[in-house]
6 protein chains.
Amino acid sequence: MSLQFLGSKRPDEIKAKRCISLFGAPYDGTSSYRPGSRFAPNAIRAASVGIETYSPYQDEDIESLCFVDDGDLELPFGNRDKVLDMIEKYVSSLLENDGIPLMIGGEHLVSYPAIKAVHSVCDELHILHLDAHADLRDEFLGERFSHATVIRRVCEIVGDKNVHQFGIRSGIKDEFAYARERLGDFHPFSLPNPKEIVEKFEGKDVYLTLDVDILSPSCLPGTGTPEPGGITFDQLLSFLIGLKGINFVGIDVVELLPHYDPSGVSSIAVAKIIRELLILACPSNMRSDRL
Amino acid sequence: MSLQFLGSKRPDEIKAKRCISLFGAPYDGTSSYRPGSRFAPNAIRAASVGIETYSPYQDEDIESLCFVDDGDLELPFGNRDKVLDMIEKYVSSLLENDGIPLMIGGEHLVSYPAIKAVHSVCDELHILHLDAHADLRDEFLGERFSHATVIRRVCEIVGDKNVHQFGIRSGIKDEFAYARERLGDFHPFSLPNPKEIVEKFEGKDVYLTLDVDILSPSCLPGTGTPEPGGITFDQLLSFLIGLKGINFVGIDVVELLPHYDPSGVSSIAVAKIIRELLILACPSNMRSDRL
Amino acid sequence: MSLQFLGSKRPDEIKAKRCISLFGAPYDGTSSYRPGSRFAPNAIRAASVGIETYSPYQDEDIESLCFVDDGDLELPFGNRDKVLDMIEKYVSSLLENDGIPLMIGGEHLVSYPAIKAVHSVCDELHILHLDAHADLRDEFLGERFSHATVIRRVCEIVGDKNVHQFGIRSGIKDEFAYARERLGDFHPFSLPNPKEIVEKFEGKDVYLTLDVDILSPSCLPGTGTPEPGGITFDQLLSFLIGLKGINFVGIDVVELLPHYDPSGVSSIAVAKIIRELLILACPSNMRSDRL
Amino acid sequence: MSLQFLGSKRPDEIKAKRCISLFGAPYDGTSSYRPGSRFAPNAIRAASVGIETYSPYQDEDIESLCFVDDGDLELPFGNRDKVLDMIEKYVSSLLENDGIPLMIGGEHLVSYPAIKAVHSVCDELHILHLDAHADLRDEFLGERFSHATVIRRVCEIVGDKNVHQFGIRSGIKDEFAYARERLGDFHPFSLPNPKEIVEKFEGKDVYLTLDVDILSPSCLPGTGTPEPGGITFDQLLSFLIGLKGINFVGIDVVELLPHYDPSGVSSIAVAKIIRELLILACPSNMRSDRL
Amino acid sequence: MSLQFLGSKRPDEIKAKRCISLFGAPYDGTSSYRPGSRFAPNAIRAASVGIETYSPYQDEDIESLCFVDDGDLELPFGNRDKVLDMIEKYVSSLLENDGIPLMIGGEHLVSYPAIKAVHSVCDELHILHLDAHADLRDEFLGERFSHATVIRRVCEIVGDKNVHQFGIRSGIKDEFAYARERLGDFHPFSLPNPKEIVEKFEGKDVYLTLDVDILSPSCLPGTGTPEPGGITFDQLLSFLIGLKGINFVGIDVVELLPHYDPSGVSSIAVAKIIRELLILACPSNMRSDRL
Amino acid sequence: MSLQFLGSKRPDEIKAKRCISLFGAPYDGTSSYRPGSRFAPNAIRAASVGIETYSPYQDEDIESLCFVDDGDLELPFGNRDKVLDMIEKYVSSLLENDGIPLMIGGEHLVSYPAIKAVHSVCDELHILHLDAHADLRDEFLGERFSHATVIRRVCEIVGDKNVHQFGIRSGIKDEFAYARERLGDFHPFSLPNPKEIVEKFEGKDVYLTLDVDILSPSCLPGTGTPEPGGITFDQLLSFLIGLKGINFVGIDVVELLPHYDPSGVSSIAVAKIIRELLILACPSNMRSDRL
């Protein structure tokens, strides 16, 4: 039995049909530079006890939300394809119960099977991709499935025009060209006004994939490939909160490497972001105080 | 014999009747999340040798101030009530000599006895409380005296309206409600224009309690309960320097945990803040170059 | 809900009347040199997944034992007397069910209330005290209840002659004199042949209090007051396993500070010792494979 | 271009037909507990500059040996089967030139393809396996190829009776049973007299696979699954030096995790062991001072 | 043989007469507060593999530049004067080949001999000095040649009016007075609009000496004397990129202490700055794609 | 004003003519591998508060000894020759008052000027050199004065036959040859029976230079060039205590690098060794309880 995210319930403690299911996908098998995102889910849970259930930013308390902490998937390190398959099946099972998956990585490749599962139940799925890196290579070290190629693979599923990138500040020349020419949106270096996003995606199904290295390493040093420069924590928070109104059908938060930040701040930052995402993503009919 | 803060004198090296007395109150007995603020006073002293005595911000040198480093109180860990009593008595003894206490914590609870002592010699005492956390709970884990309740207890001494909070970005719902409804000022998330503060408190006795976690963990990762987001070092510095003109009758700086920041930057940041606070708080008749 | 020790069951998963109850007492409030033993119980649980349930030393598997992991007591930091009271009551409740408490500290003071509770149900209780420090001061920093006085207080409960110290290599002159003149056994610097111990205590009720700093800091750097020199891990293991046959009515393992050992070895060492202690302490009628 | 091991030459700097080829196989993809052995080869090279080329133990200098540092294989993280294939082919290519491979892991699974390649050119190959863990599981987390199963797979290639285990102190019950009943030698917990080994294997082809966690974590904290207790550095060194006379056709040294030991001692220890192994393994016709 | 900076060539791999020569001067012998800048060159090279050769900021790829990594000078620790002499001679030899030196320190004193060498081949040399500290003392601990006096010594070579300081936020009173009264430019606390700089120095020979502690410790904690407050990474990057058009005849980047930042972010930040500086400093006739 | 060693007095607190003078020589300017021994003296003082003034090994309390802590010499980093001169003069001044110097390094080169000063007041001076490294090179990186050459230089002062080496386990071939052929004693790898030493040096003036890296890195990871293998703490302690009776005219303890051991154990180990050395070296007429 594992640690539990602040304010969450265990699956057997909740009766609501629909809820947000937070779970960990602690896989970091294709990380080429430095591994350790496998430790993120439990580090985030442990760090969550240092923050409050109440968000003064949104004036809500996550204790009033229907969300469960399902713990971590037990993934076979060393067998990437089986890992991808297990995640896809797990997310599909959550969707069958009308749940909203909130997956904690692991490395960015875990987004691929989750998005694949979500896509299979949506007519049209839009991907909001927040990241320092474009992740648009076609292959990396000879492999087509890797943290460096994941969004390229996602494009193949949902269509280039349904992928929207924000905050990108690193990549090879080809990735920047691909992004500029083919994606639905490409907003490098910074974040746009969230109002524009809300208007654009009103009524559509949206999956948010948040690579935490979009944050400046000042705010989050504990990540796999830190990219100096970038967004502050408060800028990210304002942007995310500004997305209120979008219909999120799935979310993931990936690439925290807790061991590289002995202060623990990185894990706490992600815990706090997840608190805000829970409030953001929770439909009104998933609030226990309104049931 | 302990280390000594940059530019300070030992009590037996100074003849002035009045001076600023810097001392350490290395108690962290009620810290629930992670302890270690007990190590702050000596870490700050050790770090102070890496900065200069001259402040280019205020164009003053602390070598020209009457201030002594009294070392640390030797506090009995495990006996909270006796610790609080010892601090109160010590601060009272400083006040009898017309000194200005500048206490380095330790956890935030140490502010309570210091404020109690200062309050007993003032007609009306105003508290400027800079912090990420409201610290306004009425009890915590069944205890009324704790780092999480300290400002609530302070309110009971000086009156709700004499407590002024700035920069708060975390707390439970009740604390935010209490702060909004009852305190003299409640300015969450950021700092106001210091000119307003100076005008408001002109001629009044003011005690400044500075929980260093008001700073963004970007600037100060080494603290007990880091709260991502928040004020930058330069913003805090500008605000504090802008308070010039206020009559500070006591100051404390609490909640540095040096061990959580292996770069040493957190301790250096607090040393630099204390350098600026010394210049800020020092009345002109305590400047040795003007005696 | 907290982490769980390798191979343990949750209280609600076991039907046996009698079992070994492992629980954490994460209190470090009187630690004067450096705090952090509060983090030990969960660090040990987390580390336990890196070892096996099978002991090749004793050729037994802890999965066949009736032992539960009760999690941690939620202790009010800052109120030592209440903490001691809570531990005593908790241990008493375990004893009422004929359980065997295996407490993970926390600092050494937590042994006092546990021994007090166990003593109250035994006619004659013997204390095996393994430690680098005598802990026999009558007071410390003006306090009678402290990690440095705990065994002196224990002597007052069970009688000097029922306290038996092994491995002590640090203390003030008075402590060494007290130990030599008054205790049942005083075997400083090393461990005796365990056969002698087994013969001496055959048929008696024995409480084992193991301060992990008895180990050489080579083997266990993560402790509050490391004392260079001392026992190796293999020497301690041989001694403990050699105690087979003694009737243990209670055990505690205290003073691990996981944060001071970034390699994680200290926590793993203690997890492994606890595995061996579980096998050692488990009466044959508490083995599930023989029920 | 990578760092270079102390005293080594680059492939293009040497003309001898036969030499010892040191190379890195920085793969840690099946590590389940904690990853990071990928960083070992370069950490060992960097640490090697802190020791001398001269061994006072064997009174030889590695500068007089024909050995090259080939750098690291560039392995595709995330694709275990391809990794295994690449290592096997690389070792085969070294053997074609009559070289002796000295591979630095990486995790223990990298031994499998290296042994497979060596086995294919030997009539009868004996494996000396020094390790804290038996690594004899038939599968682990559903996988047959893993750091926890590697020696079981090796048994299938070379035959149970040609596998000889020393120093094992951890495993599940089945592994200990398998080792006792089927292997050529099983000498748990400690090392035998090396003379016996030399006599037994005189004239035979021997492959040495050294998992550095056989060392006590006192001597080598930086490893994936540290196993408290075990062999000291001097005991291991004496044993290895005592093997002089054996015909080593391949060697690997695996499972160093440099990041878990901030003192750097673990990497230095492995660098020093490799210095001794180079002298040990080098046939007289590979010494440049005798060419 | 040492590590190599991302995208660089070895001296023997390039045929162009003129190129940028990156080399390390790993000397930290006068560092008074904390040493370790000697480790910077290799830490930066190792970190450079985590970034890309392509700069999206300048839309250029350093793979198309003529630049070599010459490795590190082997400097005799303990003999400062010989160290200074060796650096001066080395830089002179680079200049004889019309190369542009890009030196990685080491401490700031290494700038002195490099500037001396460059000055000897220029009619008029301007120094752009970016730093948190003025480094304008006339002596320090009785020594005239020290990291704290280096720019004062530089003034004696190139003339006060040819020295231009930016971002200074620490020093003694005399240094600030000297800077204000005598230097060509003194722009403390922040950076000016780079356009002004470009206009001012158009057509002149400019040497850029960048002490990385000009960055806020939020962005770069790993430095010798961190100075809280200051410039963000993005502000520095914008400024540097804005200098396009200046004729850089030499550059150095000094005072990174990688060991004080366990996250590795500081080294990565400097690697990224060097990538941008390479593009900035490279004349069009040193771009291999235009040869 | 600096920290103070446990149980010491300040120079102005003692009236005895003769006493042991403990002082720090925090110089690490010729360290080639990794610096940081400059931090040793204060780290040892800080660590000393974690041990007791009473030694149960020798049954004495250092509070009864006449010994003062003179603090640290303020040495000009970057000017080796001046540093050596300052140390020599300081030791000479202590000897004029019939004091016994106990110097804490710093790197091993600081022994040279101390021994030179002591030698100038002795007819015949014997050096007991305990170390992992021979330090007998004639030059290193072109320098004759370095941590790697220091004992060779000492030989030139006191004569080869008066130098006695113990525990050496690393060096180049020439150093081992020199030591074997020319020194008074050469006892590599381990320590001899101390009785032999006492008999041999009875009535003679002996200077003990203890490089703490003679200890196994198991016991002391925090040193400049850790040399795996070697002496345990208890073995060193037994040896040193066994030297009782020798007339020590000077002692130094060098090469602790506290920052490389985050557990703090290395500093505590050296503090404990110094406690034992103080008792060992103190003549009966320097014990305050016998004055």
# chains A, B, ... in the order shown; residues from 1 in each chain; ligands from 1
>>> closest_atom_pairs(of="chain C", to="chain F", cutoff="12 Å", atoms="only C-alpha atoms", output="Markdown table")
| residue | atom | partner | partner_atom | distance |
| --- | --- | --- | --- | --- |
| C:Ser31 | CA | F:Gly50 | CA | 11.4 |
| C:Ser32 | CA | F:Gly50 | CA | 9.2 |
| C:Tyr33 | CA | F:Gly50 | CA | 6.4 |
| C:Arg34 | CA | F:Gly50 | CA | 9.1 |
| C:Ala132 | CA | F:Ile51 | CA | 11.3 |
| C:His133 | CA | F:Ile51 | CA | 10.1 |
| C:Ala134 | CA | F:Pro56 | CA | 11.3 |
| C:Ile168 | CA | F:Pro56 | CA | 9.5 |
| C:Arg169 | CA | F:Pro56 | CA | 6.9 |
| C:Ser170 | CA | F:Pro56 | CA | 6.7 |
| C:Gly171 | CA | F:Glu52 | CA | 6.4 |
| C:Ile172 | CA | F:Tyr54 | CA | 5.5 |
| C:Lys173 | CA | F:Tyr54 | CA | 6.2 |
| C:Asp174 | CA | F:Tyr54 | CA | 9.7 |
| C:Glu175 | CA | F:Pro56 | CA | 10.3 |
| C:Phe176 | CA | F:Pro56 | CA | 7.8 |
| C:Ala177 | CA | F:Pro56 | CA | 10.4 |
| C:Pro188 | CA | F:Pro56 | CA | 9.2 |
| C:Phe189 | CA | F:Tyr57 | CA | 9.1 |
| C:Ser190 | CA | F:Asp234 | CA | 11.3 |
| C:Asp213 | CA | F:Val265 | CA | 11.7 |
| C:Leu215 | CA | F:Cys219 | CA | 11.9 |
| C:Ser216 | CA | F:Cys219 | CA | 8.3 |
| C:Pro217 | CA | F:Val265 | CA | 6.8 |
| C:Ser218 | CA | F:Ser218 | CA | 5.1 |
| C:Cys219 | CA | F:Ser218 | CA | 8.0 |
| C:Leu220 | CA | F:Ser263 | CA | 9.7 |
| C:Pro221 | CA | F:Ser263 | CA | 5.9 |
| C:Gly222 | CA | F:Ser263 | CA | 6.4 |
| C:Thr223 | CA | F:Ser263 | CA | 8.4 |
| C:Gly224 | CA | F:Gly50 | CA | 9.1 |
| C:Thr225 | CA | F:Gly50 | CA | 6.2 |
| C:Pro226 | CA | F:Val265 | CA | 6.4 |
| C:Glu227 | CA | F:Ile268 | CA | 7.6 |
| C:Pro228 | CA | F:Ala269 | CA | 5.4 |
| C:Gly229 | CA | F:Asp234 | CA | 5.2 |
| C:Gly230 | CA | F:Asp234 | CA | 7.4 |
| C:Ile231 | CA | F:Asp234 | CA | 9.9 |
| C:Thr232 | CA | F:Thr232 | CA | 11.0 |
| C:Leu257 | CA | F:Ser263 | CA | 9.7 |
| C:Pro258 | CA | F:Ser263 | CA | 9.7 |
| C:His259 | CA | F:Ser263 | CA | 8.4 |
| C:Tyr260 | CA | F:Ser263 | CA | 4.7 |
| C:Asp261 | CA | F:Ser263 | CA | 5.7 |
| C:Pro262 | CA | F:Pro262 | CA | 7.7 |
| C:Ser263 | CA | F:Ser263 | CA | 10.0 |
| C:Gly264 | CA | F:Ser263 | CA | 11.3 |
| C:Val265 | CA | F:Ser263 | CA | 11.8 |
| C:Ser266 | CA | F:Ser263 | CA | 10.7 |
>>> select_by_dssp(residues="stretch 95-286 of chain B", states="alpha helix (DSSP H)", output="MDAnalysis selection string")
chainID B and resid 95:96 111:119 150:158 173:182 194:201 233:242 265:281
>>> residues_around(residues="stretch 152-160 of chain C", least_positions_apart="5", cutoff="8 Å", atoms="only C-alpha atoms", output="PyMOL selection string")
chain C and resi 112+115-116+119+124-126+135-138+145+182-184
>>> write_last_selection(atoms="N, CA and C atoms", output="compact mmCIF listing (two decimals), in the first residue's frame")
# COMPACT_ATOMS: atom_id res chain seq x y z
N TYR C 112 10.99 5.20 27.03
CA TYR C 112 10.53 5.30 28.42
C TYR C 112 9.06 4.92 28.58
N ILE C 115 8.47 1.17 27.84
CA ILE C 115 8.95 0.27 28.90
C ILE C 115 8.05 0.37 30.12
N LYS C 116 7.59 1.59 30.39
CA LYS C 116 6.69 1.77 31.54
C LYS C 116 5.43 0.93 31.36
N HIS C 119 6.35 -2.78 31.65
CA HIS C 119 6.67 -3.11 33.04
C HIS C 119 5.42 -3.33 33.87
N GLU C 124 8.63 -9.09 36.61
CA GLU C 124 10.04 -8.67 36.62
C GLU C 124 10.45 -8.44 35.18
N LEU C 125 10.90 -7.26 34.89
CA LEU C 125 11.23 -6.95 33.50
C LEU C 125 12.71 -6.61 33.39
N HIS C 126 13.38 -7.27 32.44
CA HIS C 126 14.80 -6.97 32.19
C HIS C 126 14.94 -6.18 30.90
N ASP C 135 23.23 7.13 28.20
CA ASP C 135 21.91 7.73 28.44
C ASP C 135 21.51 7.65 29.91
N LEU C 136 22.49 7.82 30.79
CA LEU C 136 22.25 7.63 32.23
C LEU C 136 22.36 8.93 33.01
N ARG C 137 22.35 10.07 32.32
CA ARG C 137 22.40 11.33 33.08
C ARG C 137 21.12 11.48 33.91
N ASP C 138 21.28 12.20 34.99
CA ASP C 138 20.10 12.44 35.81
C ASP C 138 19.29 13.59 35.26
N PHE C 145 13.56 14.55 31.61
CA PHE C 145 13.11 13.63 30.56
C PHE C 145 13.70 14.04 29.22
N ARG C 182 26.23 0.01 39.39
CA ARG C 182 24.85 -0.26 39.78
C ARG C 182 24.06 -1.14 38.83
N LEU C 183 24.44 -1.18 37.58
CA LEU C 183 23.56 -1.91 36.64
C LEU C 183 23.77 -3.42 36.74
N GLY C 184 22.79 -4.16 36.23
CA GLY C 184 22.89 -5.62 36.22
C GLY C 184 24.08 -6.10 35.41
>>> closest_residue(among="A:Leu65, A:Leu6, A:Ala46, A:Leu84", to="A:Gly29", atoms="only C-alpha atoms")
A:Leu84
>>> residues_around(residues="stretch 79-82 of chain C", least_positions_apart="2", cutoff="7 Å", atoms="only C-alpha atoms", output="NGL selection string")
(:B and (78-80)) or (:C and (29 or 76-77 or 84-86))
>>> residues_around(residues="A:Val68", least_positions_apart="4", cutoff="12 Å", atoms="only C-alpha atoms", output="ChimeraX atom specification")
/A:4-24,62-64,94,99-103,278,286
>>> write_last_selection(atoms="N, CA, C and O atoms", output="compact mmCIF listing (two decimals), in the first residue's frame")
# COMPACT_ATOMS: atom_id res chain seq x y z
N GLN A 4 -0.67 8.38 -0.02
CA GLN A 4 -1.91 8.86 -0.62
C GLN A 4 -1.84 10.38 -0.77
O GLN A 4 -1.34 11.07 0.12
N PHE A 5 -2.36 10.88 -1.88
CA PHE A 5 -2.32 12.33 -2.10
C PHE A 5 -3.25 13.03 -1.12
O PHE A 5 -4.37 12.58 -0.87
N LEU A 6 -2.79 14.14 -0.64
CA LEU A 6 -3.54 15.02 0.27
C LEU A 6 -5.01 15.14 -0.13
O LEU A 6 -5.31 15.55 -1.26
N GLY A 7 -5.89 14.81 0.79
CA GLY A 7 -7.32 15.06 0.56
C GLY A 7 -7.98 14.04 -0.34
O GLY A 7 -9.19 14.16 -0.63
N SER A 8 -7.22 13.04 -0.82
CA SER A 8 -7.82 12.05 -1.71
C SER A 8 -8.51 10.96 -0.91
O SER A 8 -8.33 10.84 0.29
N LYS A 9 -9.28 10.19 -1.63
CA LYS A 9 -9.88 9.01 -1.03
C LYS A 9 -9.31 7.78 -1.72
O LYS A 9 -8.79 7.86 -2.83
N ARG A 10 -9.40 6.64 -1.04
CA ARG A 10 -9.05 5.37 -1.67
C ARG A 10 -10.24 4.91 -2.51
O ARG A 10 -11.39 5.23 -2.17
N PRO A 11 -10.01 4.13 -3.55
CA PRO A 11 -11.11 3.70 -4.41
C PRO A 11 -12.28 3.09 -3.64
O PRO A 11 -13.44 3.31 -3.99
N ASP A 12 -11.99 2.36 -2.56
CA ASP A 12 -13.10 1.70 -1.85
C ASP A 12 -13.81 2.63 -0.88
O ASP A 12 -14.72 2.22 -0.18
N GLU A 13 -13.37 3.88 -0.81
CA GLU A 13 -14.01 4.81 0.13
C GLU A 13 -15.02 5.71 -0.56
O GLU A 13 -15.58 6.60 0.07
N ILE A 14 -15.21 5.54 -1.81
CA ILE A 14 -16.03 6.49 -2.56
C ILE A 14 -17.12 5.74 -3.31
O ILE A 14 -16.91 4.65 -3.81
N LYS A 15 -18.28 6.32 -3.33
CA LYS A 15 -19.39 5.63 -3.98
C LYS A 15 -19.83 6.29 -5.29
O LYS A 15 -20.58 5.72 -6.06
N ALA A 16 -19.34 7.52 -5.48
CA ALA A 16 -19.76 8.25 -6.67
C ALA A 16 -19.39 7.45 -7.92
O ALA A 16 -18.33 6.82 -7.98
N LYS A 17 -20.24 7.50 -8.90
CA LYS A 17 -19.92 6.80 -10.14
C LYS A 17 -18.75 7.46 -10.83
O LYS A 17 -17.83 6.80 -11.29
N ARG A 18 -18.81 8.78 -10.92
CA ARG A 18 -17.76 9.49 -11.66
C ARG A 18 -16.83 10.20 -10.69
O ARG A 18 -17.27 10.85 -9.75
N CYS A 19 -15.56 10.11 -10.97
CA CYS A 19 -14.63 10.87 -10.14
C CYS A 19 -13.33 11.07 -10.92
O CYS A 19 -13.13 10.49 -11.99
N ILE A 20 -12.49 11.93 -10.41
CA ILE A 20 -11.15 12.06 -10.96
C ILE A 20 -10.28 10.98 -10.34
O ILE A 20 -10.27 10.83 -9.12
N SER A 21 -9.59 10.25 -11.20
CA SER A 21 -8.72 9.19 -10.70
C SER A 21 -7.27 9.60 -10.87
O SER A 21 -6.75 9.62 -11.98
N LEU A 22 -6.65 9.91 -9.75
CA LEU A 22 -5.23 10.21 -9.77
C LEU A 22 -4.47 8.89 -9.63
O LEU A 22 -4.78 8.08 -8.76
N PHE A 23 -3.50 8.67 -10.51
CA PHE A 23 -2.68 7.46 -10.38
C PHE A 23 -1.28 7.74 -10.90
O PHE A 23 -1.06 8.68 -11.66
N GLY A 24 -0.35 6.91 -10.46
CA GLY A 24 1.03 7.07 -10.87
C GLY A 24 1.43 6.08 -11.94
O GLY A 24 1.02 4.93 -11.92
N ILE A 62 -10.01 20.96 -1.93
CA ILE A 62 -10.10 19.70 -2.66
C ILE A 62 -10.77 18.60 -1.85
O ILE A 62 -11.12 17.56 -2.39
N GLU A 63 -10.97 18.84 -0.57
CA GLU A 63 -11.70 17.83 0.21
C GLU A 63 -13.14 17.72 -0.25
O GLU A 63 -13.81 16.73 0.03
N SER A 64 -13.62 18.72 -0.96
CA SER A 64 -15.00 18.67 -1.42
C SER A 64 -15.12 18.07 -2.83
O SER A 64 -16.21 18.05 -3.40
N LEU A 94 -10.59 3.29 -16.71
CA LEU A 94 -11.11 4.46 -15.98
C LEU A 94 -12.19 5.15 -16.80
O LEU A 94 -13.22 5.59 -16.27
N GLY A 99 -14.73 8.16 -15.62
CA GLY A 99 -13.78 8.89 -14.78
C GLY A 99 -12.91 9.82 -15.59
O GLY A 99 -12.88 9.77 -16.83
N ILE A 100 -12.22 10.70 -14.90
CA ILE A 100 -11.25 11.58 -15.55
C ILE A 100 -9.87 11.17 -15.03
O ILE A 100 -9.60 11.27 -13.83
N PRO A 101 -9.01 10.70 -15.93
CA PRO A 101 -7.69 10.30 -15.47
C PRO A 101 -6.78 11.49 -15.21
O PRO A 101 -6.72 12.40 -16.03
N LEU A 102 -6.10 11.47 -14.06
CA LEU A 102 -5.05 12.44 -13.79
C LEU A 102 -3.81 11.62 -13.47
O LEU A 102 -3.63 11.13 -12.36
N MET A 103 -2.98 11.45 -14.49
CA MET A 103 -1.82 10.57 -14.38
C MET A 103 -0.58 11.35 -13.97
O MET A 103 -0.27 12.40 -14.54
N LEU A 278 -6.77 19.73 -9.97
CA LEU A 278 -7.95 18.97 -9.51
C LEU A 278 -9.17 19.87 -9.47
O LEU A 278 -10.27 19.50 -9.93
N MET A 286 -19.02 16.55 -9.92
CA MET A 286 -18.08 15.68 -9.20
C MET A 286 -17.67 16.32 -7.87
O MET A 286 -16.69 15.92 -7.27
>>> select_by_dssp(residues="stretch 143-241 of chain E", states="strand (DSSP E)", output="number ranges by chain")
E: 163-166, 185-187, 205-211
>>> write_last_selection(atoms="N, CA and C atoms", output="CSV table (one decimal), in the first residue's frame")
chain,number,residue,atom,x,y,z
E,163,VAL,N,37.0,50.3,-19.1
E,163,VAL,CA,36.3,49.2,-18.3
E,163,VAL,C,34.9,49.6,-18.1
E,164,HIS,N,34.0,48.7,-18.3
E,164,HIS,CA,32.5,49.0,-18.3
E,164,HIS,C,31.8,48.0,-17.5
E,165,GLN,N,31.3,48.4,-16.3
E,165,GLN,CA,30.7,47.4,-15.4
E,165,GLN,C,29.2,47.4,-15.5
E,166,PHE,N,28.6,46.2,-15.4
E,166,PHE,CA,27.1,46.1,-15.5
E,166,PHE,C,26.7,45.0,-14.4
E,185,ASP,N,31.9,53.0,-17.9
E,185,ASP,CA,30.4,52.8,-17.6
E,185,ASP,C,30.3,52.2,-16.2
E,186,PHE,N,29.3,52.5,-15.5
E,186,PHE,CA,29.0,51.8,-14.2
E,186,PHE,C,27.5,51.7,-14.1
E,187,HIS,N,27.0,50.6,-14.4
E,187,HIS,CA,25.5,50.4,-14.4
E,187,HIS,C,25.2,49.3,-13.4
E,205,ASP,N,37.3,46.9,-30.5
E,205,ASP,CA,37.7,45.5,-29.9
E,205,ASP,C,37.1,45.4,-28.5
E,206,VAL,N,36.4,44.4,-28.3
E,206,VAL,CA,35.7,44.2,-27.0
E,206,VAL,C,36.0,42.9,-26.4
E,207,TYR,N,36.3,42.8,-25.2
E,207,TYR,CA,36.5,41.6,-24.4
E,207,TYR,C,35.4,41.5,-23.4
E,208,LEU,N,34.7,40.4,-23.4
E,208,LEU,CA,33.6,40.2,-22.5
E,208,LEU,C,34.1,39.3,-21.3
E,209,THR,N,34.0,39.8,-20.1
E,209,THR,CA,34.3,38.9,-19.0
E,209,THR,C,33.0,38.8,-18.2
E,210,LEU,N,32.5,37.5,-18.1
E,210,LEU,CA,31.2,37.3,-17.5
E,210,LEU,C,31.4,36.4,-16.3
E,211,ASP,N,31.2,37.0,-15.1
E,211,ASP,CA,31.2,36.3,-13.9
E,211,ASP,C,29.7,35.8,-13.7
>>> atom_distance(atom1="atom CA of D:Asn193", atom2="atom CA of D:Pro283")
22.6 Å
>>> atom_distance(atom1="atom CA of A:Val254", atom2="atom CA of A:Ser48")
16.3 Å
>>> residues_around(residues="E:Glu107", least_positions_apart="4", cutoff="10 Å", atoms="only C-alpha atoms", output="compact mmCIF listing (two decimals) with C-alpha atoms, in the first residue's frame")
# COMPACT_ATOMS: atom_id res chain seq x y z
CA ALA E 25 41.50 27.40 -17.00
CA PRO E 26 40.57 25.39 -13.91
CA TYR E 27 42.32 27.51 -11.29
CA ASP E 28 40.67 28.54 -8.03
CA GLY E 29 43.72 29.21 -5.91
CA THR E 30 42.82 32.66 -4.55
CA SER E 31 39.18 31.88 -3.77
CA PRO E 35 36.75 26.87 -3.76
CA GLY E 36 35.62 24.58 -6.55
CA SER E 37 35.52 26.63 -9.74
CA ARG E 38 38.30 24.29 -10.91
CA ALA E 40 33.63 24.07 -13.84
CA SER E 111 40.67 36.87 -16.66
CA SER E 146 43.18 37.92 -6.26
CA HIS E 147 39.64 37.26 -7.45
CA ALA E 148 38.66 40.36 -5.47
CA ASP E 211 31.18 36.29 -13.87
CA THR E 223 28.86 29.87 -7.55
CA GLY E 224 31.57 30.92 -5.15
CA VAL E 253 32.98 32.84 -18.30
CA VAL E 254 34.08 32.37 -14.71
CA GLU E 255 33.12 31.40 -11.15
CA LEU E 256 30.79 28.46 -11.67
CA LEU E 257 31.08 26.03 -8.75
